[in-house]
file coords-v7.cif (mmCIF, C-alpha atoms and all ligand atoms; chains and numbers go by the auth columns)
data_entry
#
loop_
_atom_site.group_PDB
_atom_site.id
_atom_site.type_symbol
_atom_site.label_atom_id
_atom_site.label_comp_id
_atom_site.label_asym_id
_atom_site.label_seq_id
_atom_site.Cartn_x
_atom_site.Cartn_y
_atom_site.Cartn_z
_atom_site.B_iso_or_equiv
_atom_site.auth_seq_id
_atom_site.auth_asym_id
ATOM 1 C CA MET A 1 -19.215 15.880 23.843 0.00 35 N
ATOM 2 C CA SER A 2 -21.083 16.945 26.907 0.00 36 N
ATOM 3 C CA CYS A 3 -20.543 15.322 30.242 0.00 37 N
ATOM 4 C CA ARG A 4 -23.412 13.029 31.159 0.00 38 N
ATOM 5 C CA TYR A 5 -22.917 13.796 34.846 0.00 39 N
ATOM 6 C CA LYS A 6 -22.981 17.571 34.527 0.00 40 N
ATOM 7 C CA ASN A 7 -26.424 17.815 36.147 0.00 41 N
ATOM 8 C CA GLU A 8 -25.129 15.974 39.218 0.00 42 N
ATOM 9 C CA CYS A 9 -21.772 17.709 39.259 0.00 43 N
ATOM 10 C CA PRO A 10 -21.674 20.319 42.032 0.00 44 N
ATOM 11 C CA SER A 11 -18.832 22.206 40.393 0.00 45 N
ATOM 12 C CA TYR A 12 -19.940 22.051 36.743 0.00 46 N
ATOM 13 C CA SER A 13 -19.424 25.213 34.757 0.00 47 N
ATOM 14 C CA GLY A 14 -18.507 23.938 31.345 0.00 48 N
ATOM 15 C CA TRP A 15 -14.769 23.228 31.695 0.00 49 N
ATOM 16 C CA CYS A 16 -15.327 19.623 30.737 0.00 50 N
ATOM 17 C CA GLU A 17 -16.686 20.687 27.339 0.00 51 N
ATOM 18 C CA GLY A 18 -15.152 22.494 24.390 0.00 52 N
ATOM 19 C CA PRO A 19 -11.799 22.036 22.688 0.00 53 N
ATOM 20 C CA LYS A 20 -9.678 22.187 25.878 0.00 54 N
ATOM 21 C CA PRO A 21 -11.640 20.388 28.586 0.00 55 N
ATOM 22 C CA ASP A 22 -10.154 20.588 32.075 0.00 56 N
ATOM 23 C CA PHE A 23 -10.918 17.275 33.681 0.00 57 N
ATOM 24 C CA SER A 24 -8.958 17.977 36.847 0.00 58 N
ATOM 25 C CA LYS A 25 -12.086 19.507 38.361 0.00 59 N
ATOM 26 C CA CYS A 26 -14.052 16.432 37.306 0.00 60 N
ATOM 27 C CA VAL A 27 -11.503 14.323 39.152 0.00 61 N
ATOM 28 C CA GLN A 28 -12.115 16.458 42.227 0.00 62 N
ATOM 29 C CA PHE A 29 -15.827 15.797 41.874 0.00 63 N
ATOM 30 C CA LEU A 30 -15.289 12.081 41.392 0.00 64 N
ATOM 31 C CA ILE A 31 -13.099 11.883 44.495 0.00 65 N
ATOM 32 C CA THR A 32 -15.738 13.696 46.556 0.00 66 N
ATOM 33 C CA ALA A 33 -18.482 11.459 45.164 0.00 67 N
ATOM 34 C CA TYR A 34 -16.368 8.389 45.896 0.00 68 N
ATOM 35 C CA GLU A 35 -15.655 9.523 49.454 0.00 69 N
ATOM 36 C CA ASN A 36 -19.335 10.241 50.097 0.00 70 N
ATOM 37 C CA THR A 37 -20.334 6.816 48.803 0.00 71 N
ATOM 38 C CA LYS A 38 -17.623 5.180 50.893 0.00 72 N
ATOM 39 C CA LYS A 39 -18.814 7.071 53.977 0.00 73 N
ATOM 40 C CA GLN A 40 -22.377 5.907 53.380 0.00 74 N
ATOM 41 C CA LEU A 41 -21.186 2.322 52.975 0.00 75 N
ATOM 42 C CA ASP A 42 -19.164 2.582 56.186 0.00 76 N
ATOM 43 C CA GLU A 43 -22.207 3.910 58.048 0.00 77 N
ATOM 44 C CA CYS A 44 -24.289 1.093 56.571 0.00 78 N
ATOM 45 C CA ARG A 45 -21.747 -1.438 57.731 0.00 79 N
ATOM 46 C CA ASP A 46 -21.616 0.093 61.220 0.00 80 N
ATOM 47 C CA ASP A 47 -25.439 -0.068 61.413 0.00 81 N
ATOM 48 C CA ARG A 48 -25.396 -3.684 60.288 0.00 82 N
ATOM 49 C CA GLU A 49 -22.728 -4.587 62.829 0.00 83 N
ATOM 50 C CA LYS A 50 -24.873 -3.057 65.565 0.00 84 N
ATOM 51 C CA GLN A 51 -27.629 -5.518 64.639 0.00 85 N
ATOM 52 C CA VAL A 52 -25.323 -8.379 65.629 0.00 86 N
ATOM 53 C CA SER A 53 -25.662 -8.615 69.373 0.00 87 N
ATOM 54 C CA LYS A 54 -22.634 -8.159 71.573 0.00 88 N
ATOM 55 C CA LYS A 55 -22.242 -9.346 75.125 0.00 89 N
ATOM 56 C CA VAL A 56 -23.040 -6.661 77.646 0.00 90 N
ATOM 57 C CA VAL A 57 -20.247 -5.426 79.889 0.00 91 N
ATOM 58 C CA ARG A 58 -21.040 -6.023 83.564 0.00 92 N
ATOM 59 C CA LYS A 59 -19.512 -3.907 86.287 0.00 93 N
ATOM 60 C CA ILE A 60 -19.970 -3.609 89.998 0.00 94 N
ATOM 61 C CA GLN A 61 -20.625 -0.009 90.931 0.00 95 N
ATOM 62 C CA LYS A 62 -17.851 1.661 92.843 0.00 96 N
ATOM 63 C CA GLU A 63 -20.061 4.667 93.570 0.00 97 N
ATOM 64 C CA ASP A 64 -23.707 5.721 93.272 0.00 98 N
ATOM 65 C CA ILE A 65 -24.749 6.690 89.751 0.00 99 N
ATOM 66 C CA MET A 66 -27.975 7.511 87.921 0.00 100 N
ATOM 67 C CA ILE A 67 -28.824 5.671 84.690 0.00 101 N
ATOM 68 C CA GLY A 68 -31.789 7.498 83.249 0.00 102 N
ATOM 69 C CA ARG A 69 -34.108 7.817 86.225 0.00 103 N
ATOM 70 C CA ILE A 70 -32.822 4.708 87.939 0.00 104 N
ATOM 71 C CA LYS A 71 -30.292 4.983 90.711 0.00 105 N
ATOM 72 C CA PHE A 72 -27.542 2.407 90.922 0.00 106 N
ATOM 73 C CA ALA A 73 -26.117 2.367 94.405 0.00 107 N
ATOM 74 C CA LYS A 74 -22.552 1.472 95.216 0.00 108 N
ATOM 75 C CA GLY A 75 -22.042 -2.303 95.085 0.00 109 N
ATOM 76 C CA THR A 76 -24.866 -3.024 92.637 0.00 110 N
ATOM 77 C CA LYS A 77 -24.346 -4.586 89.230 0.00 111 N
ATOM 78 C CA SER A 78 -24.542 -2.242 86.273 0.00 112 N
ATOM 79 C CA TYR A 79 -24.573 -2.869 82.537 0.00 113 N
ATOM 80 C CA TRP A 80 -22.482 -1.085 79.942 0.00 114 N
ATOM 81 C CA CYS A 81 -22.638 -0.955 76.176 0.00 115 N
ATOM 82 C CA PRO A 82 -19.772 -2.996 74.641 0.00 116 N
ATOM 83 C CA ASN A 83 -19.712 -0.597 71.690 0.00 117 N
ATOM 84 C CA CYS A 84 -19.815 2.934 73.114 0.00 118 N
ATOM 85 C CA ASP A 85 -19.111 2.179 76.799 0.00 119 N
ATOM 86 C CA LYS A 86 -22.161 3.981 78.171 0.00 120 N
ATOM 87 C CA ALA A 87 -24.357 2.765 80.991 0.00 121 N
ATOM 88 C CA ILE A 88 -27.547 0.957 79.975 0.00 122 N
ATOM 89 C CA THR A 89 -30.291 -0.738 81.956 0.00 123 N
ATOM 90 C CA GLY A 90 -30.893 -4.478 82.249 0.00 124 N
ATOM 91 C CA THR A 91 -34.097 -4.144 80.213 0.00 125 N
ATOM 92 C CA ASP A 92 -32.478 -2.492 77.173 0.00 126 N
ATOM 93 C CA HIS A 93 -32.300 -4.733 74.120 0.00 127 N
ATOM 94 C CA HIS A 94 -30.432 -2.051 72.241 0.00 128 N
ATOM 95 C CA CYS A 95 -28.074 0.613 73.505 0.00 129 N
ATOM 96 C CA ARG A 96 -30.057 3.829 73.820 0.00 130 N
ATOM 97 C CA TYR A 97 -27.019 5.840 72.759 0.00 131 N
ATOM 98 C CA CYS A 98 -25.511 4.069 69.747 0.00 132 N
ATOM 99 C CA GLY A 99 -28.144 1.451 68.834 0.00 133 N
ATOM 100 C CA GLN A 100 -25.885 -1.543 69.453 0.00 134 N
ATOM 101 C CA LYS A 101 -27.893 -4.756 69.985 0.00 135 N
ATOM 102 C CA ILE A 102 -27.157 -6.095 73.453 0.00 136 N
ATOM 103 C CA GLU A 103 -26.953 -9.668 74.627 0.00 137 N
ATOM 104 C CA PHE A 104 -27.315 -10.345 78.349 0.00 138 N
HETATM 105 ZN ZN ZN B . -23.805 2.038 72.853 0.00 201 T
#

call {"tool": "encode", "arguments": {"input": "coords-v7.cif", "output": "structure tokens", "more": "lines below"}}
Ligand SMILES: [Zn+2]
result
Amino acid sequence: MSCRYKNECPSYSGWCEGPKPDFSKCVQFLITAYENTKKQLDECRDDREKQVSKKVVRKIQKEDIMIGRIKFAKGTKSYWCPNCDKAITGTDHHCRYCGQKIEF
């Protein structure tokens, strides 16, 4: 019996065929495939969660900073991404760094 996944298997070299098939390498492949799928699902979930808006974090500047080309002087209000904690501008609907949807 030949393995139906052998064309997709990155480590296929015939051990899963013949009278003494060694499936331990198949298990390795399955674990890798499972982990890759899980990673993709996790990334998908993260992307979906970023589409649900989160309340922006407001701070009062303690010192002058630049956000993009805009200068925020000491004492002015600044906005921060609730997901990755980076400075964003008041006109951003999404964080320019991580893509998180922002609610003001
Ligand atoms: Zn962010």

call {"tool": "residues_near_ligand", "arguments": {"input": "coords-v7.cif", "ligand": "ligand ZN 201 (chain T)", "cutoff": "7 Å", "atoms": "all atoms listed in the file", "output": "list of chain:residue names"}}
result
N:Cys115, N:Pro116, N:Asn117, N:Cys118, N:Asp119, N:Lys120, N:Cys129, N:Arg130, N:Tyr131, N:Cys132, N:Gly133, N:Gln134

call {"tool": "write_last_selection", "arguments": {"input": "coords-v7.cif", "atoms": "C-alpha atoms", "output": "compact mmCIF listing (two decimals), in the coordinates of the input"}}
result
# COMPACT_ATOMS: atom_id res chain seq x y z
CA CYS N 115 -22.64 -0.96 76.18
CA PRO N 116 -19.77 -3.00 74.64
CA ASN N 117 -19.71 -0.60 71.69
CA CYS N 118 -19.82 2.93 73.11
CA ASP N 119 -19.11 2.18 76.80
CA LYS N 120 -22.16 3.98 78.17
CA CYS N 129 -28.07 0.61 73.50
CA ARG N 130 -30.06 3.83 73.82
CA TYR N 131 -27.02 5.84 72.76
CA CYS N 132 -25.51 4.07 69.75
CA GLY N 133 -28.14 1.45 68.83
CA GLN N 134 -25.88 -1.54 69.45

call {"tool": "resolve_selection", "arguments": {"input": "coords-v7.cif", "expression": "the PyMOL selection byres (((chain N and resi 113) around 7) and not hetatm)", "output": "PDB file with C-alpha atoms, in the frame of the given file"}}
result
ATOM      1  CA  VAL N  90     -23.040  -6.661  77.646  1.00  0.00           C
ATOM      2  CA  VAL N  91     -20.247  -5.426  79.889  1.00  0.00           C
ATOM      3  CA  ARG N  92     -21.040  -6.023  83.564  1.00  0.00           C
ATOM      4  CA  LYS N  93     -19.512  -3.907  86.287  1.00  0.00           C
ATOM      5  CA  LYS N 111     -24.346  -4.586  89.230  1.00  0.00           C
ATOM      6  CA  SER N 112     -24.542  -2.242  86.273  1.00  0.00           C
ATOM      7  CA  TRP N 114     -22.482  -1.085  79.942  1.00  0.00           C
ATOM      8  CA  CYS N 115     -22.638  -0.955  76.176  1.00  0.00           C
ATOM      9  CA  ALA N 121     -24.357   2.765  80.991  1.00  0.00           C
ATOM     10  CA  ILE N 122     -27.547   0.957  79.975  1.00  0.00           C
ATOM     11  CA  THR N 123     -30.291  -0.738  81.956  1.00  0.00           C
ATOM     12  CA  GLY N 124     -30.893  -4.478  82.249  1.00  0.00           C
TER      13      GLY N 124
END

call {"tool": "resolve_selection", "arguments": {"input": "coords-v7.cif", "expression": "the PyMOL selection byres (((chain N and resi 46) around 12) and not hetatm)", "output": "count of residues only"}}
result
25

call {"tool": "resolve_selection", "arguments": {"input": "coords-v7.cif", "expression": "the PyMOL selection byres (((chain N and resi 84) around 9) and not hetatm)", "output": "NGL selection string"}}
result
:N and (79-83 or 85-88 or 117 or 128 or 132-136)

call {"tool": "atom_distance", "arguments": {"input": "coords-v7.cif", "atom1": "atom CA of N:Lys108", "atom2": "atom CA of N:Thr125"}}
result
19.7 Å

call {"tool": "axis_aligned_box", "arguments": {"input": "coords-v7.cif", "around": "stretch 65-77 of chain N", "padding_each_side": "4 Å", "output": "AutoDock Vina command-line options"}}
result
--center_x -17.7 --center_y 8.0 --center_z 51.3 --size_x 17.3 --size_y 19.4 --size_z 21.6

call {"tool": "decode", "arguments": {"input": "coords-v7.cif", "residues": "stretch 36-136 of chain N", "atoms": "C-alpha atoms", "output": "PDB file, in the first residue's frame"}}
result
ATOM      1  CA  SER N  36       1.403   3.341  -0.937  1.00  0.00           C
ATOM      2  CA  CYS N  37       0.909   6.386   1.192  1.00  0.00           C
ATOM      3  CA  ARG N  38      -1.637   8.746  -0.319  1.00  0.00           C
ATOM      4  CA  TYR N  39       0.190  11.737   1.144  1.00  0.00           C
ATOM      5  CA  LYS N  40       3.623  10.864  -0.203  1.00  0.00           C
ATOM      6  CA  ASN N  41       3.511  13.677  -2.774  1.00  0.00           C
ATOM      7  CA  GLU N  42       2.911  16.214   0.001  1.00  0.00           C
ATOM      8  CA  CYS N  43       5.304  14.609   2.447  1.00  0.00           C
ATOM      9  CA  PRO N  44       8.519  16.640   2.667  1.00  0.00           C
ATOM     10  CA  SER N  45      10.483  13.707   4.033  1.00  0.00           C
ATOM     11  CA  TYR N  46       9.101  10.898   1.850  1.00  0.00           C
ATOM     12  CA  SER N  47      11.639   8.389   0.638  1.00  0.00           C
ATOM     13  CA  GLY N  48       9.730   5.155   0.679  1.00  0.00           C
ATOM     14  CA  TRP N  49      10.004   4.070   4.332  1.00  0.00           C
ATOM     15  CA  CYS N  50       6.245   4.019   4.637  1.00  0.00           C
ATOM     16  CA  GLU N  51       6.015   1.340   1.936  1.00  0.00           C
ATOM     17  CA  GLY N  52       7.255  -2.228   1.719  1.00  0.00           C
ATOM     18  CA  PRO N  53       7.122  -5.044   4.249  1.00  0.00           C
ATOM     19  CA  LYS N  54       8.606  -3.058   7.174  1.00  0.00           C
ATOM     20  CA  PRO N  55       7.211   0.465   6.927  1.00  0.00           C
ATOM     21  CA  ASP N  56       8.677   2.969   9.376  1.00  0.00           C
ATOM     22  CA  PHE N  57       5.839   5.261  10.286  1.00  0.00           C
ATOM     23  CA  SER N  58       7.795   7.201  12.888  1.00  0.00           C
ATOM     24  CA  LYS N  59       8.930   9.583  10.157  1.00  0.00           C
ATOM     25  CA  CYS N  60       5.324   9.930   9.016  1.00  0.00           C
ATOM     26  CA  VAL N  61       4.424  10.899  12.565  1.00  0.00           C
ATOM     27  CA  GLN N  62       7.116  13.568  12.410  1.00  0.00           C
ATOM     28  CA  PHE N  63       5.564  14.862   9.207  1.00  0.00           C
ATOM     29  CA  LEU N  64       2.077  14.814  10.681  1.00  0.00           C
ATOM     30  CA  ILE N  65       3.226  16.750  13.746  1.00  0.00           C
ATOM     31  CA  THR N  66       4.884  19.379  11.548  1.00  0.00           C
ATOM     32  CA  ALA N  67       1.795  19.602   9.340  1.00  0.00           C
ATOM     33  CA  TYR N  68      -0.403  19.902  12.423  1.00  0.00           C
ATOM     34  CA  GLU N  69       1.781  22.630  13.919  1.00  0.00           C
ATOM     35  CA  ASN N  70       1.796  24.583  10.655  1.00  0.00           C
ATOM     36  CA  THR N  71      -1.984  24.380  10.397  1.00  0.00           C
ATOM     37  CA  LYS N  72      -2.338  25.427  14.027  1.00  0.00           C
ATOM     38  CA  LYS N  73      -0.003  28.377  13.438  1.00  0.00           C
ATOM     39  CA  GLN N  74      -2.058  29.473  10.441  1.00  0.00           C
ATOM     40  CA  LEU N  75      -5.254  29.208  12.478  1.00  0.00           C
ATOM     41  CA  ASP N  76      -3.686  31.235  15.288  1.00  0.00           C
ATOM     42  CA  GLU N  77      -2.626  33.928  12.816  1.00  0.00           C
ATOM     43  CA  CYS N  78      -6.132  33.900  11.346  1.00  0.00           C
ATOM     44  CA  ARG N  79      -7.613  34.324  14.787  1.00  0.00           C
ATOM     45  CA  ASP N  80      -5.207  37.161  15.619  1.00  0.00           C
ATOM     46  CA  ASP N  81      -6.168  38.911  12.349  1.00  0.00           C
ATOM     47  CA  ARG N  82      -9.847  38.468  13.132  1.00  0.00           C
ATOM     48  CA  GLU N  83      -9.402  39.819  16.649  1.00  0.00           C
ATOM     49  CA  LYS N  84      -7.714  42.902  15.208  1.00  0.00           C
ATOM     50  CA  GLN N  85     -10.891  43.585  13.219  1.00  0.00           C
ATOM     51  CA  VAL N  86     -12.780  44.005  16.496  1.00  0.00           C
ATOM     52  CA  SER N  87     -12.064  47.549  17.552  1.00  0.00           C
ATOM     53  CA  LYS N  88     -10.360  48.227  20.846  1.00  0.00           C
ATOM     54  CA  LYS N  89     -10.420  51.457  22.781  1.00  0.00           C
ATOM     55  CA  VAL N  90      -7.406  53.612  22.099  1.00  0.00           C
ATOM     56  CA  VAL N  91      -5.013  54.298  24.956  1.00  0.00           C
ATOM     57  CA  ARG N  92      -4.757  58.022  25.700  1.00  0.00           C
ATOM     58  CA  LYS N  93      -1.695  59.510  27.325  1.00  0.00           C
ATOM     59  CA  ILE N  94      -0.516  62.985  28.098  1.00  0.00           C
ATOM     60  CA  GLN N  95       2.958  63.506  26.712  1.00  0.00           C
ATOM     61  CA  LYS N  96       5.664  63.831  29.302  1.00  0.00           C
ATOM     62  CA  GLU N  97       8.175  64.893  26.653  1.00  0.00           C
ATOM     63  CA  ASP N  98       8.259  65.931  22.992  1.00  0.00           C
ATOM     64  CA  ILE N  99       7.977  63.029  20.559  1.00  0.00           C
ATOM     65  CA  MET N 100       7.523  62.556  16.817  1.00  0.00           C
ATOM     66  CA  ILE N 101       4.735  60.293  15.534  1.00  0.00           C
ATOM     67  CA  GLY N 102       5.386  59.902  11.842  1.00  0.00           C
ATOM     68  CA  ARG N 103       5.966  63.468  10.708  1.00  0.00           C
ATOM     69  CA  ILE N 104       3.810  64.992  13.406  1.00  0.00           C
ATOM     70  CA  LYS N 105       5.389  66.416  16.512  1.00  0.00           C
ATOM     71  CA  PHE N 106       3.655  65.909  19.825  1.00  0.00           C
ATOM     72  CA  ALA N 107       4.882  68.472  22.294  1.00  0.00           C
ATOM     73  CA  LYS N 108       5.068  67.902  26.010  1.00  0.00           C
ATOM     74  CA  GLY N 109       1.615  68.190  27.598  1.00  0.00           C
ATOM     75  CA  THR N 110      -0.359  67.249  24.482  1.00  0.00           C
ATOM     76  CA  LYS N 111      -2.625  64.227  24.263  1.00  0.00           C
ATOM     77  CA  SER N 112      -1.276  61.266  22.344  1.00  0.00           C
ATOM     78  CA  TYR N 113      -2.880  58.018  21.232  1.00  0.00           C
ATOM     79  CA  TRP N 114      -1.441  54.547  21.636  1.00  0.00           C
ATOM     80  CA  CYS N 115      -2.373  51.201  20.168  1.00  0.00           C
ATOM     81  CA  PRO N 116      -4.051  48.990  22.819  1.00  0.00           C
ATOM     82  CA  ASN N 117      -2.591  45.921  21.110  1.00  0.00           C
ATOM     83  CA  CYS N 118       1.076  46.671  20.403  1.00  0.00           C
ATOM     84  CA  ASP N 119       1.525  49.823  22.526  1.00  0.00           C
ATOM     85  CA  LYS N 120       2.894  52.001  19.731  1.00  0.00           C
ATOM     86  CA  ALA N 121       2.023  55.626  19.131  1.00  0.00           C
ATOM     87  CA  ILE N 122      -0.663  56.298  16.523  1.00  0.00           C
ATOM     88  CA  THR N 123      -2.333  59.468  15.301  1.00  0.00           C
ATOM     89  CA  GLY N 124      -5.890  60.582  16.038  1.00  0.00           C
ATOM     90  CA  THR N 125      -6.852  59.995  12.397  1.00  0.00           C
ATOM     91  CA  ASP N 126      -5.762  56.336  12.273  1.00  0.00           C
ATOM     92  CA  HIS N 127      -8.646  53.881  12.085  1.00  0.00           C
ATOM     93  CA  HIS N 128      -6.222  50.998  12.257  1.00  0.00           C
ATOM     94  CA  CYS N 129      -2.855  50.747  13.946  1.00  0.00           C
ATOM     95  CA  ARG N 130      -0.207  51.312  11.292  1.00  0.00           C
ATOM     96  CA  TYR N 131       2.073  48.800  12.990  1.00  0.00           C
ATOM     97  CA  CYS N 132      -0.058  45.766  13.848  1.00  0.00           C
ATOM     98  CA  GLY N 133      -3.349  46.437  12.022  1.00  0.00           C
ATOM     99  CA  GLN N 134      -5.474  46.564  15.171  1.00  0.00           C
ATOM    100  CA  LYS N 135      -8.791  48.378  14.579  1.00  0.00           C
ATOM    101  CA  ILE N 136      -8.940  51.417  16.838  1.00  0.00           C
TER     102      ILE N 136
END
